$ cat query15.txt   # compact mmCIF, C-alpha atoms
# COMPACT_ATOMS: atom_id res chain seq x y z
CA ALA A 551 19.51 -25.64 10.34
CA TRP A 552 19.70 -22.01 9.26
CA ALA A 553 15.92 -21.83 8.84
CA VAL A 554 15.41 -23.30 12.29
CA GLU A 555 17.84 -20.79 13.76
CA LEU A 556 16.03 -17.89 12.09
CA LYS A 557 12.71 -19.08 13.46
CA ASN A 558 13.66 -20.21 16.96
CA ASP A 559 16.75 -18.20 17.92
CA LYS A 560 16.05 -15.02 15.97
CA GLY A 561 12.31 -15.13 16.54
CA LEU A 562 11.42 -14.36 12.91
CA SER A 563 7.95 -15.12 11.57
CA PRO A 564 7.43 -18.05 9.15
CA ARG A 565 6.75 -15.64 6.28
CA THR A 566 9.97 -13.72 6.93
CA VAL A 567 11.94 -16.98 7.04
CA GLU A 568 10.28 -18.02 3.79
CA LYS A 569 11.32 -14.76 2.11
CA LEU A 570 14.94 -15.19 3.24
CA LEU A 571 15.02 -18.78 2.00
CA ASN A 572 13.58 -17.73 -1.35
CA LEU A 573 16.22 -15.01 -1.66
CA LEU A 574 19.03 -17.47 -0.95
CA ALA A 575 17.49 -19.97 -3.39
CA ALA A 576 17.39 -17.31 -6.10
CA ILE A 577 21.04 -16.38 -5.50
CA LEU A 578 22.17 -20.02 -5.68
CA LYS A 579 20.09 -20.61 -8.81
CA VAL A 580 21.94 -17.79 -10.57
CA ALA A 581 25.23 -19.24 -9.32
CA VAL A 582 24.40 -22.58 -10.95
CA GLU A 583 23.30 -20.90 -14.18
CA ASN A 584 26.64 -19.07 -14.34
CA GLU A 585 28.59 -22.26 -13.47
CA TYR A 586 29.88 -21.06 -10.12
CA LEU A 587 28.15 -24.07 -8.56
CA TYR A 588 27.40 -27.50 -9.98
CA LYS A 589 24.11 -27.85 -8.12
CA THR A 590 22.03 -25.85 -5.67
CA PRO A 591 21.02 -27.47 -2.37
CA PHE A 592 17.51 -26.14 -3.02
CA ALA A 593 17.09 -28.40 -6.08
CA GLY A 594 14.21 -30.82 -5.55
CA TRP A 595 13.38 -29.46 -2.11
CA ASN A 596 9.75 -28.48 -1.75
CA ARG A 597 9.82 -25.95 1.06
CA GLY A 598 6.08 -25.31 0.98
CA LYS A 599 4.59 -21.93 1.62
CA ALA A 600 4.21 -20.19 4.94
CA THR A 601 0.74 -19.22 6.02
CA LYS A 602 0.09 -15.55 6.48
CA LEU A 603 -0.75 -15.08 10.13
CA ASN A 604 -2.70 -11.83 9.95
CA LYS A 605 -5.26 -11.25 7.25
CA VAL A 606 -5.81 -7.72 6.05
CA VAL A 607 -8.78 -6.15 7.82
CA PRO A 608 -9.91 -2.96 6.03
CA LEU A 609 -11.39 0.04 7.79
CA THR A 610 -15.02 0.97 7.38
CA LYS A 611 -15.98 4.34 5.94
CA HIS A 612 -17.26 5.27 9.41
CA GLN A 613 -13.84 4.51 10.94
CA VAL A 614 -12.05 6.53 8.26
CA ASP A 615 -14.35 9.50 8.92
CA ALA A 616 -13.63 9.25 12.65
CA ILE A 617 -9.85 9.10 12.16
CA ALA A 618 -9.94 12.17 9.92
CA ARG A 619 -11.98 14.09 12.51
CA ASN A 620 -9.47 13.18 15.22
CA LEU A 621 -6.62 14.79 13.25
CA ALA A 622 -5.83 18.49 13.11
CA PRO A 623 -7.40 20.03 9.95
CA GLN A 624 -4.07 20.45 8.12
CA TYR A 625 -3.40 16.67 8.31
CA ARG A 626 -6.81 15.28 7.41
CA ILE A 627 -6.11 15.26 3.69
CA MET A 628 -3.51 12.48 4.09
CA VAL A 629 -6.30 10.20 5.30
CA TRP A 630 -8.50 10.98 2.32
CA ILE A 631 -5.70 10.63 -0.25
CA GLY A 632 -4.82 7.21 1.18
CA PHE A 633 -8.44 6.08 1.32
CA TRP A 634 -9.48 7.26 -2.16
CA THR A 635 -6.32 6.24 -4.07
CA GLY A 636 -4.74 3.24 -2.31
CA MET A 637 -1.32 4.89 -2.46
CA ARG A 638 1.38 3.81 -0.03
CA PRO A 639 1.93 6.16 2.94
CA SER A 640 5.28 7.40 1.61
CA GLU A 641 3.64 8.08 -1.76
CA VAL A 642 0.80 9.98 -0.09
CA LEU A 643 3.24 12.16 1.84
CA GLY A 644 5.30 12.78 -1.28
CA ILE A 645 2.44 13.79 -3.57
CA THR A 646 2.76 17.22 -5.18
CA TRP A 647 0.35 19.51 -6.98
CA GLY A 648 2.11 18.75 -10.26
CA GLN A 649 1.14 15.07 -10.05
CA LEU A 650 -2.56 15.87 -10.05
CA ASP A 651 -4.34 15.73 -13.41
CA PHE A 652 -7.76 17.26 -12.82
CA GLU A 653 -8.74 17.10 -16.50
CA GLU A 654 -8.01 13.39 -16.97
CA GLU A 655 -9.02 12.63 -13.36
CA LYS A 656 -5.87 10.72 -12.49
CA ILE A 657 -2.85 11.02 -10.23
CA ILE A 658 0.60 10.19 -11.58
CA VAL A 659 2.46 8.24 -8.91
CA ASP A 660 6.17 8.62 -9.63
CA ARG A 661 7.80 9.67 -6.34
CA GLN A 662 7.73 9.17 -2.60
CA ILE A 663 8.79 11.17 0.42
CA SER A 664 12.36 10.63 1.61
CA ARG A 665 13.31 9.61 5.13
CA ASP A 666 16.53 11.56 4.63
CA THR A 667 15.95 15.00 6.13
CA ASN A 668 18.35 16.51 3.58
CA GLN A 669 16.05 15.81 0.64
CA VAL A 670 12.35 16.01 -0.09
CA HIS A 671 11.81 12.96 -2.31
CA GLU A 672 13.71 9.69 -2.52
CA LYS A 673 16.41 9.96 -5.18
CA ALA A 674 15.99 6.26 -5.96
CA GLY A 675 12.34 6.82 -6.83
CA LEU A 676 9.60 4.42 -5.83
CA LYS A 677 9.66 1.04 -4.14
CA THR A 678 9.55 -0.99 -7.38
CA LYS A 679 9.23 -0.42 -11.12
CA ASN A 680 5.56 -1.44 -10.94
CA SER A 681 4.99 1.29 -8.37
CA GLU A 682 5.16 3.91 -11.12
CA ARG A 683 1.54 4.10 -12.16
CA GLU A 684 -1.60 6.17 -12.57
CA VAL A 685 -4.39 5.93 -10.00
CA PRO A 686 -7.99 7.18 -10.04
CA PHE A 687 -8.61 10.77 -8.96
CA PRO A 688 -12.34 10.91 -8.13
CA GLN A 689 -14.10 14.24 -7.96
CA VAL A 690 -14.73 13.86 -4.23
CA LEU A 691 -10.96 13.81 -3.64
CA GLN A 692 -10.40 16.63 -6.12
CA GLY A 693 -12.70 18.82 -4.06
CA LEU A 694 -11.06 17.87 -0.79
CA ILE A 695 -7.57 18.65 -2.11
CA ARG A 696 -8.62 21.98 -3.63
CA GLU A 697 -10.18 23.00 -0.33
CA HIS A 698 -7.11 21.87 1.61
CA VAL A 699 -4.70 23.82 -0.61
CA HIS A 700 -6.93 26.90 -0.52
CA ILE A 701 -6.87 26.92 3.30
CA HIS A 702 -3.40 25.59 4.11
CA GLY A 703 -1.35 26.24 0.97
CA LEU A 704 1.38 24.02 -0.47
CA GLY A 705 4.51 22.73 1.20
CA PRO A 706 8.12 22.57 -0.08
CA ASP A 707 8.48 21.57 -3.75
CA GLY A 708 4.71 21.79 -4.19
CA LEU A 709 3.87 19.13 -1.61
CA ILE A 710 0.20 18.83 -0.74
CA LEU A 711 1.13 18.02 2.86
CA LYS A 712 3.49 19.84 5.20
CA ASN A 713 4.30 19.81 8.91
CA ARG A 714 3.10 22.37 11.43
CA VAL A 715 5.96 24.78 10.67
CA GLY A 716 5.62 24.52 6.89
CA GLY A 717 8.38 21.98 6.31
CA VAL A 718 8.34 18.42 4.98
CA LEU A 719 6.00 16.03 6.80
CA ARG A 720 8.09 12.88 7.23
CA TYR A 721 6.74 9.34 7.50
CA LYS A 722 7.68 8.92 11.16
CA ASP A 723 5.73 12.00 12.25
CA ALA A 724 2.77 11.25 10.00
CA ALA A 725 2.56 7.66 11.24
CA ARG A 726 2.57 8.86 14.86
CA LEU A 727 -0.20 11.37 14.18
CA PHE A 728 -2.27 8.70 12.44
CA ARG A 729 -1.84 6.15 15.24
CA LEU A 730 -2.92 8.70 17.87
CA ALA A 731 -5.99 9.58 15.81
CA ALA A 732 -6.82 5.94 15.08
CA ARG A 733 -6.42 4.60 18.61
CA PRO A 734 -9.88 5.76 19.79
CA VAL A 735 -11.37 4.13 16.68
CA GLY A 736 -10.03 0.73 17.72
CA LEU A 737 -6.95 0.15 15.58
CA LYS A 738 -4.52 -2.32 17.14
CA ASP A 739 -0.78 -1.94 17.66
CA GLY A 740 0.98 -2.44 14.37
CA GLU A 741 -1.96 -1.18 12.33
CA GLY A 742 -1.18 2.17 10.76
CA MET A 743 -1.58 4.23 7.60
CA HIS A 744 -1.43 1.11 5.41
CA GLN A 745 -4.96 0.34 6.61
CA LEU A 746 -6.14 3.13 4.32
CA ARG A 747 -4.58 1.33 1.34
CA HIS A 748 -6.33 -1.90 2.35
CA SER A 749 -9.61 -0.03 2.71
CA PHE A 750 -9.27 1.36 -0.82
CA VAL A 751 -8.87 -2.17 -2.18
CA SER A 752 -11.85 -3.40 -0.15
CA THR A 753 -13.98 -0.57 -1.54
CA CYS A 754 -12.90 -1.37 -5.10
CA ILE A 755 -13.80 -5.03 -4.62
CA SER A 756 -17.23 -4.15 -3.27
CA LEU A 757 -17.79 -1.91 -6.32
CA GLY A 758 -16.89 -4.73 -8.71
CA VAL A 759 -13.55 -3.36 -9.92
CA SER A 760 -11.54 -6.15 -11.59
CA ILE A 761 -8.64 -7.63 -9.66
CA LYS A 762 -6.35 -6.81 -12.61
CA ASP A 763 -7.22 -3.12 -12.35
CA ILE A 764 -6.74 -3.24 -8.57
CA GLN A 765 -3.28 -4.75 -9.11
CA THR A 766 -2.39 -1.81 -11.35
CA TYR A 767 -3.76 0.80 -8.95
CA VAL A 768 -1.83 -0.51 -5.92
CA GLY A 769 1.37 -1.12 -7.90
CA HIS A 770 1.81 -4.84 -7.28
CA ALA A 771 4.28 -6.74 -9.47
CA SER A 772 1.79 -9.54 -10.18
CA ILE A 773 -1.85 -10.41 -9.78
CA THR A 774 -0.71 -13.28 -7.54
CA GLU A 775 0.64 -10.79 -5.01
CA THR A 776 -2.68 -8.96 -5.05
CA MET A 777 -4.70 -12.15 -4.57
CA ASP A 778 -2.38 -13.41 -1.81
CA THR A 779 -2.97 -10.17 0.07
CA TYR A 780 -6.64 -9.50 -0.65
CA GLY A 781 -8.10 -12.78 -1.90
CA HIS A 782 -9.95 -13.37 1.37
CA LEU A 783 -12.00 -10.23 0.71
CA PHE A 784 -13.86 -12.19 -2.00
CA PRO A 785 -15.77 -14.52 0.38
CA ASP A 786 -18.96 -14.66 -1.64
CA SER A 787 -17.39 -14.90 -5.10
CA LEU A 788 -18.63 -18.48 -5.63
CA ASN A 789 -22.17 -17.52 -4.71
CA LYS A 790 -22.06 -14.60 -7.16
CA VAL A 791 -20.76 -16.81 -9.96
CA ASN A 792 -23.40 -19.45 -9.24
CA ALA A 793 -26.13 -16.81 -9.37
CA GLN A 794 -24.76 -15.41 -12.64
CA LEU A 795 -24.53 -18.89 -14.23
CA ASP A 796 -28.07 -19.73 -13.18
CA MET A 797 -29.30 -16.42 -14.62
CA TYR A 798 -27.45 -17.14 -17.86
CA ALA A 799 -29.01 -20.60 -18.05
CA ARG A 800 -32.50 -19.16 -17.57

$ encode --input "query15.txt" --output "structure tokens"
Amino acid sequence: AWAVELKNDKGLSPRTVEKLLNLLAAILKVAVENEYLYKTPFAGWNRGKATKLNKVVPLTKHQVDAIARNLAPQYRIMVWIGFWTGMRPSEVLGITWGQLDFEEEKIIVDRQISRDTNQVHEKAGLKTKNSEREVPFPQVLQGLIREHVHIHGLGPDGLILKNRVGGVLRYKDAARLFRLAARPVGLKDGEGMHQLRHSFVSTCISLGVSIKDIQTYVGHASITETMDTYGHLFPDSLNKVNAQLDMYAR
């Protein structure tokens, strides 16, 4: 009855209802394990799995180029950091010069921008424990960041990005700037800076990067989460395997 109410009366999507049910099931399971309850009502109930309504559609390199051109020069670097690293928007906005390792060609992702205007970075850290990671830092991005810093300088606390008056560029403002720049390119309502993250994954897949490495780069808790989100981007995987097996046989 509660699930029906969430779906019909509250208007929540099937996936959101599924997440809430799973959370309640987890709470009741712990209650049983600690003998607060004799049995959970979820025991033996196969709830199934909701179908994801909208598949991830990555941007093309041409679209990314166009979005960057539509932004003012001081904001273009956020597009390229997102596209070349797969970092979450809040991580992109929170990146500092000190996180960049030019020698080892990696970026240490260990903070994100705060939505609290009284602080620069979130005191609680990143979204999850798995979000603390190292991501590739290709030379093309190294050059873009060096050029950006040379022209525009650094923001507060060594931030790569800053707003038009030199302060912290918050997520709300950055998302608005991105949507305005992306609208002429054809992005739909609800599609924002996360499309850059999806495009990074799509590029990695096309280059043959292993799904395990991709999971690490994007900071997912499990490879299942990565496959659930991006598995449809492997449409010709069977054909590739068949070709490889035939070649091996020959």

$ closest_atom_pairs --input "query15.txt" --of "stretch 610-648 of chain A" --to "stretch 673-687 of chain A" --cutoff "10 Å" --atoms "all atoms listed in the file" --output "Markdown table"
| residue | atom | partner | partner_atom | distance |
| --- | --- | --- | --- | --- |
| A:Ile631 | CA | A:Phe687 | CA | 9.2 |
| A:Trp634 | CA | A:Phe687 | CA | 7.7 |
| A:Thr635 | CA | A:Val685 | CA | 6.2 |
| A:Gly636 | CA | A:Val685 | CA | 8.2 |
| A:Met637 | CA | A:Val685 | CA | 8.2 |
| A:Arg638 | CA | A:Ser681 | CA | 9.4 |
| A:Ser640 | CA | A:Leu676 | CA | 9.1 |
| A:Glu641 | CA | A:Leu676 | CA | 8.1 |

$ atom_distance --input "query15.txt" --atom1 "atom CA of A:Glu741" --atom2 "atom CA of A:Ile657"
25.7 Å

$ residues_around --input "query15.txt" --residues "stretch 644-648 of chain A" --least-positions-apart "4" --cutoff "9 Å" --atoms "all atoms listed in the file" --output "ChimeraX atom specification"
/A:639-640,657-664,670-671,704-705,707-711,718-720

$ atom_distance --input "query15.txt" --atom1 "atom CA of A:Leu757" --atom2 "atom CA of A:Val690"
16.2 Å

$ residues_around --input "query15.txt" --residues "stretch 769-780 of chain A" --least-positions-apart "3" --cutoff "8 Å" --atoms "all atoms listed in the file" --output "ChimeraX atom specification"
/A:605-606,680-683,751,761-762,764-766,783-784

$ atom_distance --input "query15.txt" --atom1 "atom CA of A:Pro608" --atom2 "atom CA of A:Gln745"
6.0 Å

$ residues_around --input "query15.txt" --residues "A:Trp595" --least-positions-apart "3" --cutoff "12 Å" --atoms "all atoms listed in the file" --output "ChimeraX atom specification"
/A:571-572,575,590-592,598

$ write_last_selection --input "query15.txt" --atoms "C-alpha atoms" --output "JSON list (two decimals), in the coordinates of the input"
[["chain", "number", "residue", "atom", "x", "y", "z"],
["A", 571, "LEU", "CA", 15.02, -18.78, 2.00],
["A", 572, "ASN", "CA", 13.58, -17.73, -1.35],
["A", 575, "ALA", "CA", 17.49, -19.97, -3.39],
["A", 590, "THR", "CA", 22.03, -25.85, -5.67],
["A", 591, "PRO", "CA", 21.02, -27.47, -2.37],
["A", 592, "PHE", "CA", 17.51, -26.14, -3.02],
["A", 598, "GLY", "CA", 6.08, -25.31, 0.98]]

$ closest_residue --input "query15.txt" --among "A:Arg696, A:Lys790, A:Lys569, A:His744" --to "A:Gly758" --atoms "all atoms listed in the file"
A:Lys790

$ axis_aligned_box --input "query15.txt" --around "stretch 691-704 of chain A" --padding-each-side "8 Å" --output "AutoDock Vina command-line options"
--center_x -5.7 --center_y 20.4 --center_z -1.0 --size_x 30.1 --size_y 29.1 --size_z 26.2

$ residues_around --input "query15.txt" --residues "A:Leu578" --least-positions-apart "4" --cutoff "9 Å" --atoms "only C-alpha atoms" --output "PDB file with C-alpha atoms, keeping the file's coordinate frame"
ATOM      1  CA  LEU A 573      16.220 -15.010  -1.660  1.00  0.00           C
ATOM      2  CA  LEU A 574      19.030 -17.470  -0.950  1.00  0.00           C
ATOM      3  CA  VAL A 582      24.400 -22.580 -10.950  1.00  0.00           C
ATOM      4  CA  GLU A 583      23.300 -20.900 -14.180  1.00  0.00           C
ATOM      5  CA  TYR A 586      29.880 -21.060 -10.120  1.00  0.00           C
ATOM      6  CA  LEU A 587      28.150 -24.070  -8.560  1.00  0.00           C
ATOM      7  CA  LYS A 589      24.110 -27.850  -8.120  1.00  0.00           C
ATOM      8  CA  THR A 590      22.030 -25.850  -5.670  1.00  0.00           C
ATOM      9  CA  PRO A 591      21.020 -27.470  -2.370  1.00  0.00           C
ATOM     10  CA  PHE A 592      17.510 -26.140  -3.020  1.00  0.00           C
TER      11      PHE A 592
END

$ residues_around --input "query15.txt" --residues "A:Ala731" --least-positions-apart "2" --cutoff "6 Å" --atoms "only C-alpha atoms" --output "PyMOL selection string"
chain A and resi 617+620-621+728-729+733

$ closest_residue --input "query15.txt" --among "A:Asp763, A:Asp559, A:Glu672, A:Asp651" --to "A:Gln692" --atoms "only C-alpha atoms"
A:Asp651

$ closest_residue --input "query15.txt" --among "A:Gln669, A:Trp552, A:Ile577, A:Ile701" --to "A:Gly717" --atoms "only C-alpha atoms"
A:Gln669

$ build_atoms --input "query15.txt" --residues "stretch 696-728 of chain A" --atoms "N, CA and C atoms" --output "PDB file, in the frame of the given file"
ATOM      1  N   ARG A 696      -8.512  20.550  -3.308  1.00  0.00           N
ATOM      2  CA  ARG A 696      -8.620  21.980  -3.630  1.00  0.00           C
ATOM      3  C   ARG A 696      -8.924  22.799  -2.373  1.00  0.00           C
ATOM      4  N   GLU A 697      -9.826  22.293  -1.568  1.00  0.00           N
ATOM      5  CA  GLU A 697     -10.180  23.000  -0.330  1.00  0.00           C
ATOM      6  C   GLU A 697      -8.994  23.046   0.625  1.00  0.00           C
ATOM      7  N   HIS A 698      -8.280  21.934   0.735  1.00  0.00           N
ATOM      8  CA  HIS A 698      -7.110  21.870   1.610  1.00  0.00           C
ATOM      9  C   HIS A 698      -6.050  22.878   1.178  1.00  0.00           C
ATOM     10  N   VAL A 699      -5.735  22.912  -0.101  1.00  0.00           N
ATOM     11  CA  VAL A 699      -4.700  23.820  -0.610  1.00  0.00           C
ATOM     12  C   VAL A 699      -5.145  25.270  -0.449  1.00  0.00           C
ATOM     13  N   HIS A 700      -6.414  25.534  -0.675  1.00  0.00           N
ATOM     14  CA  HIS A 700      -6.930  26.900  -0.520  1.00  0.00           C
ATOM     15  C   HIS A 700      -6.748  27.404   0.905  1.00  0.00           C
ATOM     16  N   ILE A 701      -6.951  26.519   1.883  1.00  0.00           N
ATOM     17  CA  ILE A 701      -6.870  26.920   3.300  1.00  0.00           C
ATOM     18  C   ILE A 701      -5.436  26.882   3.818  1.00  0.00           C
ATOM     19  N   HIS A 702      -4.702  25.820   3.485  1.00  0.00           N
ATOM     20  CA  HIS A 702      -3.400  25.590   4.110  1.00  0.00           C
ATOM     21  C   HIS A 702      -2.208  25.852   3.189  1.00  0.00           C
ATOM     22  N   GLY A 703      -2.451  26.002   1.887  1.00  0.00           N
ATOM     23  CA  GLY A 703      -1.350  26.240   0.970  1.00  0.00           C
ATOM     24  C   GLY A 703      -0.541  24.982   0.687  1.00  0.00           C
ATOM     25  N   LEU A 704       0.508  25.138  -0.119  1.00  0.00           N
ATOM     26  CA  LEU A 704       1.380  24.020  -0.470  1.00  0.00           C
ATOM     27  C   LEU A 704       2.642  24.032   0.371  1.00  0.00           C
ATOM     28  N   GLY A 705       3.267  22.855   0.471  1.00  0.00           N
ATOM     29  CA  GLY A 705       4.510  22.730   1.200  1.00  0.00           C
ATOM     30  C   GLY A 705       5.709  22.854   0.272  1.00  0.00           C
ATOM     31  N   PRO A 706       6.904  22.499   0.741  1.00  0.00           N
ATOM     32  CA  PRO A 706       8.120  22.570  -0.080  1.00  0.00           C
ATOM     33  C   PRO A 706       7.979  21.739  -1.363  1.00  0.00           C
ATOM     34  N   ASP A 707       8.508  22.249  -2.456  1.00  0.00           N
ATOM     35  CA  ASP A 707       8.480  21.570  -3.750  1.00  0.00           C
ATOM     36  C   ASP A 707       7.059  21.246  -4.211  1.00  0.00           C
ATOM     37  N   GLY A 708       6.084  22.013  -3.757  1.00  0.00           N
ATOM     38  CA  GLY A 708       4.710  21.790  -4.190  1.00  0.00           C
ATOM     39  C   GLY A 708       3.991  20.667  -3.492  1.00  0.00           C
ATOM     40  N   LEU A 709       4.510  20.221  -2.356  1.00  0.00           N
ATOM     41  CA  LEU A 709       3.870  19.130  -1.610  1.00  0.00           C
ATOM     42  C   LEU A 709       2.474  19.531  -1.156  1.00  0.00           C
ATOM     43  N   ILE A 710       1.556  18.589  -1.235  1.00  0.00           N
ATOM     44  CA  ILE A 710       0.200  18.830  -0.740  1.00  0.00           C
ATOM     45  C   ILE A 710       0.212  18.901   0.782  1.00  0.00           C
ATOM     46  N   LEU A 711       1.044  18.075   1.404  1.00  0.00           N
ATOM     47  CA  LEU A 711       1.130  18.020   2.860  1.00  0.00           C
ATOM     48  C   LEU A 711       2.395  18.717   3.362  1.00  0.00           C
ATOM     49  N   LYS A 712       2.328  19.237   4.558  1.00  0.00           N
ATOM     50  CA  LYS A 712       3.490  19.840   5.200  1.00  0.00           C
ATOM     51  C   LYS A 712       3.305  19.731   6.713  1.00  0.00           C
ATOM     52  N   ASN A 713       4.398  19.892   7.451  1.00  0.00           N
ATOM     53  CA  ASN A 713       4.300  19.810   8.910  1.00  0.00           C
ATOM     54  C   ASN A 713       3.810  21.137   9.485  1.00  0.00           C
ATOM     55  N   ARG A 714       3.732  21.202  10.785  1.00  0.00           N
ATOM     56  CA  ARG A 714       3.100  22.370  11.430  1.00  0.00           C
ATOM     57  C   ARG A 714       3.887  23.664  11.245  1.00  0.00           C
ATOM     58  N   VAL A 715       5.171  23.562  10.879  1.00  0.00           N
ATOM     59  CA  VAL A 715       5.960  24.780  10.670  1.00  0.00           C
ATOM     60  C   VAL A 715       6.212  25.035   9.175  1.00  0.00           C
ATOM     61  N   GLY A 716       5.503  24.294   8.327  1.00  0.00           N
ATOM     62  CA  GLY A 716       5.620  24.520   6.890  1.00  0.00           C
ATOM     63  C   GLY A 716       6.680  23.709   6.192  1.00  0.00           C
ATOM     64  N   GLY A 717       7.355  22.816   6.913  1.00  0.00           N
ATOM     65  CA  GLY A 717       8.380  21.980   6.310  1.00  0.00           C
ATOM     66  C   GLY A 717       7.822  20.655   5.812  1.00  0.00           C
ATOM     67  N   VAL A 718       8.727  19.739   5.501  1.00  0.00           N
ATOM     68  CA  VAL A 718       8.340  18.420   4.980  1.00  0.00           C
ATOM     69  C   VAL A 718       7.762  17.563   6.099  1.00  0.00           C
ATOM     70  N   LEU A 719       6.602  16.968   5.853  1.00  0.00           N
ATOM     71  CA  LEU A 719       6.000  16.030   6.800  1.00  0.00           C
ATOM     72  C   LEU A 719       6.565  14.652   6.522  1.00  0.00           C
ATOM     73  N   ARG A 720       7.430  14.163   7.421  1.00  0.00           N
ATOM     74  CA  ARG A 720       8.090  12.880   7.230  1.00  0.00           C
ATOM     75  C   ARG A 720       7.200  11.725   7.690  1.00  0.00           C
ATOM     76  N   TYR A 721       7.556  10.530   7.217  1.00  0.00           N
ATOM     77  CA  TYR A 721       6.740   9.340   7.500  1.00  0.00           C
ATOM     78  C   TYR A 721       6.617   9.088   9.005  1.00  0.00           C
ATOM     79  N   LYS A 722       7.702   9.219   9.733  1.00  0.00           N
ATOM     80  CA  LYS A 722       7.680   8.920  11.160  1.00  0.00           C
ATOM     81  C   LYS A 722       6.673   9.794  11.889  1.00  0.00           C
ATOM     82  N   ASP A 723       6.664  11.077  11.584  1.00  0.00           N
ATOM     83  CA  ASP A 723       5.730  12.000  12.250  1.00  0.00           C
ATOM     84  C   ASP A 723       4.302  11.752  11.804  1.00  0.00           C
ATOM     85  N   ALA A 724       4.111  11.505  10.507  1.00  0.00           N
ATOM     86  CA  ALA A 724       2.770  11.250  10.000  1.00  0.00           C
ATOM     87  C   ALA A 724       2.184   9.967  10.583  1.00  0.00           C
ATOM     88  N   ALA A 725       3.025   8.939  10.688  1.00  0.00           N
ATOM     89  CA  ALA A 725       2.560   7.660  11.240  1.00  0.00           C
ATOM     90  C   ALA A 725       2.155   7.820  12.706  1.00  0.00           C
ATOM     91  N   ARG A 726       2.905   8.626  13.448  1.00  0.00           N
ATOM     92  CA  ARG A 726       2.570   8.860  14.860  1.00  0.00           C
ATOM     93  C   ARG A 726       1.243   9.600  14.978  1.00  0.00           C
ATOM     94  N   LEU A 727       1.052  10.622  14.159  1.00  0.00           N
ATOM     95  CA  LEU A 727      -0.200  11.370  14.180  1.00  0.00           C
ATOM     96  C   LEU A 727      -1.382  10.464  13.841  1.00  0.00           C
ATOM     97  N   PHE A 728      -1.186   9.600  12.854  1.00  0.00           N
ATOM     98  CA  PHE A 728      -2.270   8.700  12.440  1.00  0.00           C
ATOM     99  C   PHE A 728      -2.606   7.715  13.553  1.00  0.00           C
TER     100      PHE A 728
END
